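*Asks:* Got a file for you: run_8.txt, compact mmCIF, N, CA and C atoms.
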# COMPACT_ATOMS: atom_id res chain seq x y z
N MET A 1 -96.87 -40.89 -121.23
CA MET A 1 -98.28 -41.21 -121.13
C MET A 1 -98.73 -41.00 -119.68
N LYS A 2 -99.90 -40.40 -119.52
CA LYS A 2 -100.47 -40.15 -118.20
C LYS A 2 -101.25 -41.38 -117.74
N CYS A 3 -101.48 -41.46 -116.44
CA CYS A 3 -102.23 -42.58 -115.88
C CYS A 3 -103.63 -42.12 -115.49
N LEU A 4 -104.62 -42.96 -115.78
CA LEU A 4 -106.00 -42.72 -115.41
C LEU A 4 -106.46 -43.89 -114.55
N ILE A 5 -106.78 -43.61 -113.29
CA ILE A 5 -107.30 -44.64 -112.39
C ILE A 5 -108.82 -44.62 -112.53
N VAL A 6 -109.41 -45.78 -112.81
CA VAL A 6 -110.86 -45.88 -113.01
C VAL A 6 -111.42 -46.93 -112.08
N TYR A 7 -112.53 -46.60 -111.42
CA TYR A 7 -113.21 -47.57 -110.56
C TYR A 7 -114.72 -47.37 -110.64
N TYR A 8 -115.44 -48.42 -110.28
CA TYR A 8 -116.90 -48.45 -110.36
C TYR A 8 -117.44 -48.55 -108.94
N LEU A 9 -118.33 -47.62 -108.57
CA LEU A 9 -118.84 -47.57 -107.22
C LEU A 9 -120.29 -47.12 -107.25
N ASP A 10 -121.17 -47.90 -106.62
CA ASP A 10 -122.60 -47.55 -106.52
C ASP A 10 -123.23 -47.22 -107.87
N GLY A 11 -122.91 -48.02 -108.89
CA GLY A 11 -123.54 -47.86 -110.20
C GLY A 11 -122.99 -46.73 -111.05
N ARG A 12 -121.84 -46.19 -110.70
CA ARG A 12 -121.27 -45.06 -111.43
C ARG A 12 -119.75 -45.24 -111.58
N TRP A 13 -119.23 -44.81 -112.73
CA TRP A 13 -117.79 -44.85 -112.99
C TRP A 13 -117.14 -43.55 -112.50
N TYR A 14 -115.97 -43.68 -111.90
CA TYR A 14 -115.20 -42.53 -111.43
C TYR A 14 -113.79 -42.62 -112.00
N GLY A 15 -113.19 -41.47 -112.27
CA GLY A 15 -111.83 -41.43 -112.79
C GLY A 15 -110.97 -40.46 -112.03
N GLU A 16 -109.70 -40.80 -111.90
CA GLU A 16 -108.72 -39.94 -111.26
C GLU A 16 -107.48 -39.86 -112.15
N GLU A 17 -107.06 -38.64 -112.43
CA GLU A 17 -105.87 -38.42 -113.25
C GLU A 17 -104.65 -38.34 -112.33
N VAL A 18 -103.59 -39.02 -112.70
CA VAL A 18 -102.36 -39.03 -111.90
C VAL A 18 -101.30 -38.21 -112.62
N GLU A 19 -100.74 -37.23 -111.92
CA GLU A 19 -99.62 -36.45 -112.44
C GLU A 19 -98.44 -36.66 -111.52
N TRP A 20 -97.28 -36.88 -112.11
CA TRP A 20 -96.06 -37.04 -111.32
C TRP A 20 -95.39 -35.69 -111.20
N LYS A 21 -95.06 -35.30 -109.97
CA LYS A 21 -94.43 -34.00 -109.69
C LYS A 21 -93.06 -34.24 -109.08
N ARG A 22 -92.15 -33.31 -109.31
CA ARG A 22 -90.82 -33.39 -108.71
C ARG A 22 -90.83 -32.73 -107.34
N SER A 23 -90.07 -33.31 -106.44
CA SER A 23 -89.94 -32.77 -105.09
C SER A 23 -88.53 -33.07 -104.61
N GLY A 24 -87.70 -32.07 -104.57
CA GLY A 24 -86.32 -32.29 -104.17
C GLY A 24 -85.64 -33.24 -105.14
N SER A 25 -85.15 -34.36 -104.64
CA SER A 25 -84.48 -35.32 -105.49
C SER A 25 -85.40 -36.46 -105.91
N GLY A 26 -86.69 -36.40 -105.51
CA GLY A 26 -87.63 -37.48 -105.84
C GLY A 26 -88.86 -36.98 -106.55
N THR A 27 -89.88 -37.82 -106.57
CA THR A 27 -91.15 -37.46 -107.19
C THR A 27 -92.29 -37.91 -106.29
N TYR A 28 -93.47 -37.34 -106.52
CA TYR A 28 -94.68 -37.78 -105.83
C TYR A 28 -95.84 -37.72 -106.80
N ARG A 29 -96.91 -38.45 -106.47
CA ARG A 29 -98.09 -38.48 -107.34
C ARG A 29 -99.11 -37.47 -106.84
N GLU A 30 -99.63 -36.67 -107.76
CA GLU A 30 -100.72 -35.76 -107.45
C GLU A 30 -101.94 -36.29 -108.19
N ILE A 31 -103.01 -36.58 -107.45
CA ILE A 31 -104.20 -37.21 -108.03
C ILE A 31 -105.36 -36.22 -107.99
N SER A 32 -106.06 -36.07 -109.11
CA SER A 32 -107.24 -35.22 -109.16
C SER A 32 -108.36 -35.96 -109.86
N ARG A 33 -109.57 -35.82 -109.35
CA ARG A 33 -110.73 -36.49 -109.92
C ARG A 33 -111.16 -35.79 -111.20
N ILE A 34 -111.52 -36.59 -112.20
CA ILE A 34 -112.03 -36.05 -113.46
C ILE A 34 -113.30 -36.81 -113.85
N GLU A 35 -114.11 -36.18 -114.67
CA GLU A 35 -115.33 -36.82 -115.19
C GLU A 35 -114.93 -37.80 -116.29
N VAL A 36 -115.50 -38.98 -116.22
CA VAL A 36 -115.26 -39.98 -117.27
C VAL A 36 -116.60 -40.45 -117.82
N PRO A 37 -116.61 -40.96 -119.06
CA PRO A 37 -117.85 -41.51 -119.63
C PRO A 37 -118.38 -42.65 -118.76
N GLN A 38 -119.62 -43.03 -118.95
CA GLN A 38 -120.26 -44.00 -118.07
C GLN A 38 -120.43 -45.39 -118.68
N SER A 39 -119.51 -45.78 -119.57
CA SER A 39 -119.46 -47.17 -120.05
C SER A 39 -118.00 -47.53 -120.25
N ARG A 40 -117.70 -48.81 -120.12
CA ARG A 40 -116.31 -49.25 -120.23
C ARG A 40 -115.73 -48.93 -121.61
N ALA A 41 -116.49 -49.19 -122.66
CA ALA A 41 -116.01 -48.93 -124.02
C ALA A 41 -115.73 -47.44 -124.23
N ALA A 42 -116.62 -46.59 -123.72
CA ALA A 42 -116.44 -45.14 -123.86
C ALA A 42 -115.24 -44.65 -123.05
N ILE A 43 -115.01 -45.26 -121.89
CA ILE A 43 -113.84 -44.90 -121.08
C ILE A 43 -112.56 -45.27 -121.82
N GLU A 44 -112.53 -46.44 -122.43
CA GLU A 44 -111.35 -46.87 -123.18
C GLU A 44 -111.09 -45.94 -124.36
N GLN A 45 -112.13 -45.51 -125.05
CA GLN A 45 -111.99 -44.56 -126.17
C GLN A 45 -111.49 -43.21 -125.66
N PHE A 46 -112.07 -42.73 -124.57
CA PHE A 46 -111.66 -41.47 -123.94
C PHE A 46 -110.16 -41.52 -123.58
N ALA A 47 -109.72 -42.64 -123.01
CA ALA A 47 -108.32 -42.80 -122.62
C ALA A 47 -107.39 -42.77 -123.83
N ARG A 48 -107.80 -43.42 -124.92
CA ARG A 48 -106.99 -43.39 -126.15
C ARG A 48 -106.85 -41.98 -126.68
N GLU A 49 -107.95 -41.24 -126.72
CA GLU A 49 -107.94 -39.88 -127.25
C GLU A 49 -107.08 -38.93 -126.41
N LYS A 50 -107.09 -39.12 -125.10
CA LYS A 50 -106.36 -38.23 -124.19
C LYS A 50 -104.98 -38.78 -123.81
N HIS A 51 -104.58 -39.91 -124.40
CA HIS A 51 -103.27 -40.53 -124.16
C HIS A 51 -103.08 -40.95 -122.71
N TYR A 52 -104.10 -41.61 -122.14
CA TYR A 52 -104.02 -42.14 -120.79
C TYR A 52 -103.74 -43.63 -120.84
N ALA A 53 -103.00 -44.11 -119.84
CA ALA A 53 -102.90 -45.54 -119.57
C ALA A 53 -103.89 -45.81 -118.46
N ILE A 54 -104.81 -46.77 -118.65
CA ILE A 54 -105.86 -47.02 -117.66
C ILE A 54 -105.37 -48.00 -116.61
N GLU A 55 -105.64 -47.66 -115.36
CA GLU A 55 -105.39 -48.55 -114.23
C GLU A 55 -106.75 -48.84 -113.61
N TRP A 56 -107.30 -50.04 -113.86
CA TRP A 56 -108.62 -50.40 -113.34
C TRP A 56 -108.48 -50.79 -111.88
N ARG A 57 -109.36 -50.27 -111.03
CA ARG A 57 -109.32 -50.59 -109.61
C ARG A 57 -110.64 -51.24 -109.18
N GLY A 58 -110.55 -52.23 -108.33
CA GLY A 58 -111.74 -52.89 -107.81
C GLY A 58 -112.45 -53.73 -108.84
N PRO A 59 -113.62 -54.27 -108.46
CA PRO A 59 -114.37 -55.10 -109.40
C PRO A 59 -114.96 -54.27 -110.54
N VAL A 60 -114.84 -54.80 -111.74
CA VAL A 60 -115.40 -54.15 -112.93
C VAL A 60 -116.63 -54.93 -113.34
N PRO A 61 -117.81 -54.26 -113.40
CA PRO A 61 -119.03 -54.99 -113.74
C PRO A 61 -119.00 -55.50 -115.17
N ALA A 62 -119.65 -56.64 -115.40
CA ALA A 62 -119.76 -57.20 -116.74
C ALA A 62 -120.74 -56.37 -117.56
N GLU A 63 -120.41 -56.14 -118.81
CA GLU A 63 -121.31 -55.42 -119.70
C GLU A 63 -122.48 -56.30 -120.04
N SER A 64 -123.69 -55.78 -119.94
CA SER A 64 -124.87 -56.57 -120.30
C SER A 64 -125.03 -56.54 -121.82
N LYS A 65 -125.39 -57.68 -122.39
CA LYS A 65 -125.56 -57.80 -123.83
C LYS A 65 -127.04 -58.01 -124.12
N SER A 66 -127.57 -57.22 -125.04
CA SER A 66 -128.97 -57.38 -125.41
C SER A 66 -129.08 -58.34 -126.59
N ALA A 67 -130.18 -59.07 -126.64
CA ALA A 67 -130.36 -60.10 -127.69
C ALA A 67 -130.80 -59.49 -128.99
Spell out the structure here as structure tokens.

*Replies:*
Amino acid sequence: MKCLIVYYLDGRWYGEEVEWKRSGSGTYREISRIEVPQSRAAIEQFAREKHYAIEWRGPVPAESKSA
């Protein structure tokens, strides 16, 4: 399973895909930014479909509920 780092900054969601690469006798992380949906529920669905494990970073805003 791949890792998806997700964080919220200035009213927008950002995602970074983490790939583990081999280097000599060890490994290192290669991180690349990817477009993610702009709601928490949609991000969770996107991660399930693409087989990502989500790593939430920083404060996650509360979802507003309409009456």

*Asks:* Between CA of Tyr7 (chain A) and CA of Glu44 (chain A), what is the distance, to one decimal in Å?

*Replies:*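 Going from CA of Tyr7 (chain A) over to CA of Glu44 (chain A), I get 12.8 Å.
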
*Asks:* Name the residues in contact with Val6 (chain A) at a cut-off of 9 Å, using only C-alpha atoms, excluding same-chain residues fewer than 6 positions from it; report them as a VMD selection string.

*Replies:* chain A and resid 13 to 17 36 43 54 to 58

*Asks:* Could you give me the residues within chain A that DSSP places in helix (DSSP H, G or I), as a VMD selection string?

*Replies:* chain A and resid 40 to 50

*Asks:* If I take CA of Thr27 (chain A) and CA of Tyr8 (chain A), how far is one from the other in Å, to one decimal?

*Replies:*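 Computing it gives 28.2 Å between the two atoms.
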
*Asks:* Tell me which residues come within 7 Å of (-101.1, -43.0, -111.1), as JSON, numbers by chain, counting only C-alpha atoms in the file's coordinates.

*Replies:* {"A": [3, 4, 5, 17, 18, 19, 29]}
